[in-house]
Amino acid sequence: ALPIFIEAVKKNKDQALFDYTKKFDQYALNAENIQVTRGEIKEAYRSLDPVLIDVLKQSAENIRSFHSKQLRNSWFDAKEDGTILGMKITPIAKAGVYVPGGKAAYPSSVLMNVIPAKVAGVGEVIMTTPPGRTGKINPGTLVAADIAGVDKIYKVGGAQAIAALAFGTELIPKVD
């Protein structure tokens with residue numbers, strides 16, 4: 001049997017996320033506030049020291065440059081007898097990234113997890129991270145997510161967030 005958090009998300013989907021977020025994060029999560037908005041990301045930029053934003057951008061560029069060197073190309077070799085050998089490199093369509101956010105912020109974890117996926121060609125990166133009691137996400141985490149190219153951010157933490165990414169809910173899509 002699956003652990004209770006995972007089972008609850010599989011069965012009750014978003015309602016389980018709302019209930020657990022209220023219980024563990026003391027935030028009233030609902031369909032209207034579960035996804036981080038563009039306005040919240042802009043607010044995060046305004047609240048951060050511009051020097052930190054520049055450091056995050058430079059770090060992102062360094063990570064992007066490093067991982068770009070790891071890319072491999074598909075290749076095929078046709079033999080005279082009609083045999084074709086080769087390797088096809090295909091990125092997954094959707095990846096999920098969980099970023100802890102309880103007592104500390106982890107903008108570097110965002111960059112180090114999202115940028116390699118984007119460089120590899122992952123079509124959509126979906127991130128979950130727990131909200132604070134006011135529903136806000138750490139501004140450094142949000143700015144790093146924006147710089148790294150995260151496509152959607154959801155205010156959900158814990159095992160229930162990972163279960164939502166693995167199985168999908170009404171609002172959080174299942175990732176590959």
# chains A, B, ... in the order shown; residues from 1 in each chain; ligands from 1
call {"tool": "select_by_dssp", "arguments": {"residues": "region 74-174 of chain A", "states": "helix (DSSP H, G or I)", "output": "count of residues only"}}
result
34
call {"tool": "residues_around", "arguments": {"residues": "Val156 (chain A)", "least_positions_apart": "4", "cutoff": "12 Å", "atoms": "only C-alpha atoms", "output": "JSON, numbers by chain"}}
result
{"A": [9, 14, 15, 16, 17, 18, 19, 20, 21, 22, 23, 24, 25, 26, 27, 28, 29, 30, 31, 33, 34, 35, 36, 97, 98, 99, 100, 101, 102, 126, 127, 128, 129, 130, 131, 132, 135, 136, 137, 160, 161, 162, 163, 164, 165, 171, 172]}
call {"tool": "residues_around", "arguments": {"residues": "Ala93 (chain A)", "least_positions_apart": "6", "cutoff": "10 Å", "atoms": "only C-alpha atoms", "output": "ChimeraX atom specification"}}
result
/A:121-125,175-176
call {"tool": "select_by_dssp", "arguments": {"residues": "chain A", "states": "strand (DSSP E or B)", "output": "ChimeraX atom specification"}}
result
/A:35,75-78,84-87,94-98,124-128,152-154
call {"tool": "residues_around", "arguments": {"residues": "His67 (chain A)", "least_positions_apart": "3", "cutoff": "8 Å", "atoms": "only C-alpha atoms", "output": "ChimeraX atom specification"}}
result
/A:63-64,70-71,116,119
call {"tool": "residues_around", "arguments": {"residues": "Glu43 (chain A)", "least_positions_apart": "3", "cutoff": "12 Å", "atoms": "only C-alpha atoms", "output": "PyMOL selection string"}}
result
chain A and resi 36-40+46-48+136-140+142-143
call {"tool": "residues_around", "arguments": {"residues": "Met112 (chain A)", "least_positions_apart": "5", "cutoff": "9 Å", "atoms": "only C-alpha atoms", "output": "ChimeraX atom specification"}}
result
/A:60,63,107,148
call {"tool": "write_last_selection", "arguments": {"atoms": "N, CA and C atoms", "output": "CSV table (one decimal), in the first residue's frame"}}
result
chain,number,residue,atom,x,y,z
A,60,ALA,N,22.9,31.2,-13.4
A,60,ALA,CA,22.1,30.5,-14.4
A,60,ALA,C,22.9,30.4,-15.8
A,63,ILE,N,25.6,27.7,-15.3
A,63,ILE,CA,25.0,26.4,-15.3
A,63,ILE,C,24.6,26.0,-16.7
A,107,PRO,N,17.3,28.9,-3.9
A,107,PRO,CA,17.3,29.3,-5.3
A,107,PRO,C,18.3,28.6,-6.1
A,148,ALA,N,15.4,30.6,-14.6
A,148,ALA,CA,15.7,29.2,-15.1
A,148,ALA,C,14.7,28.8,-16.2
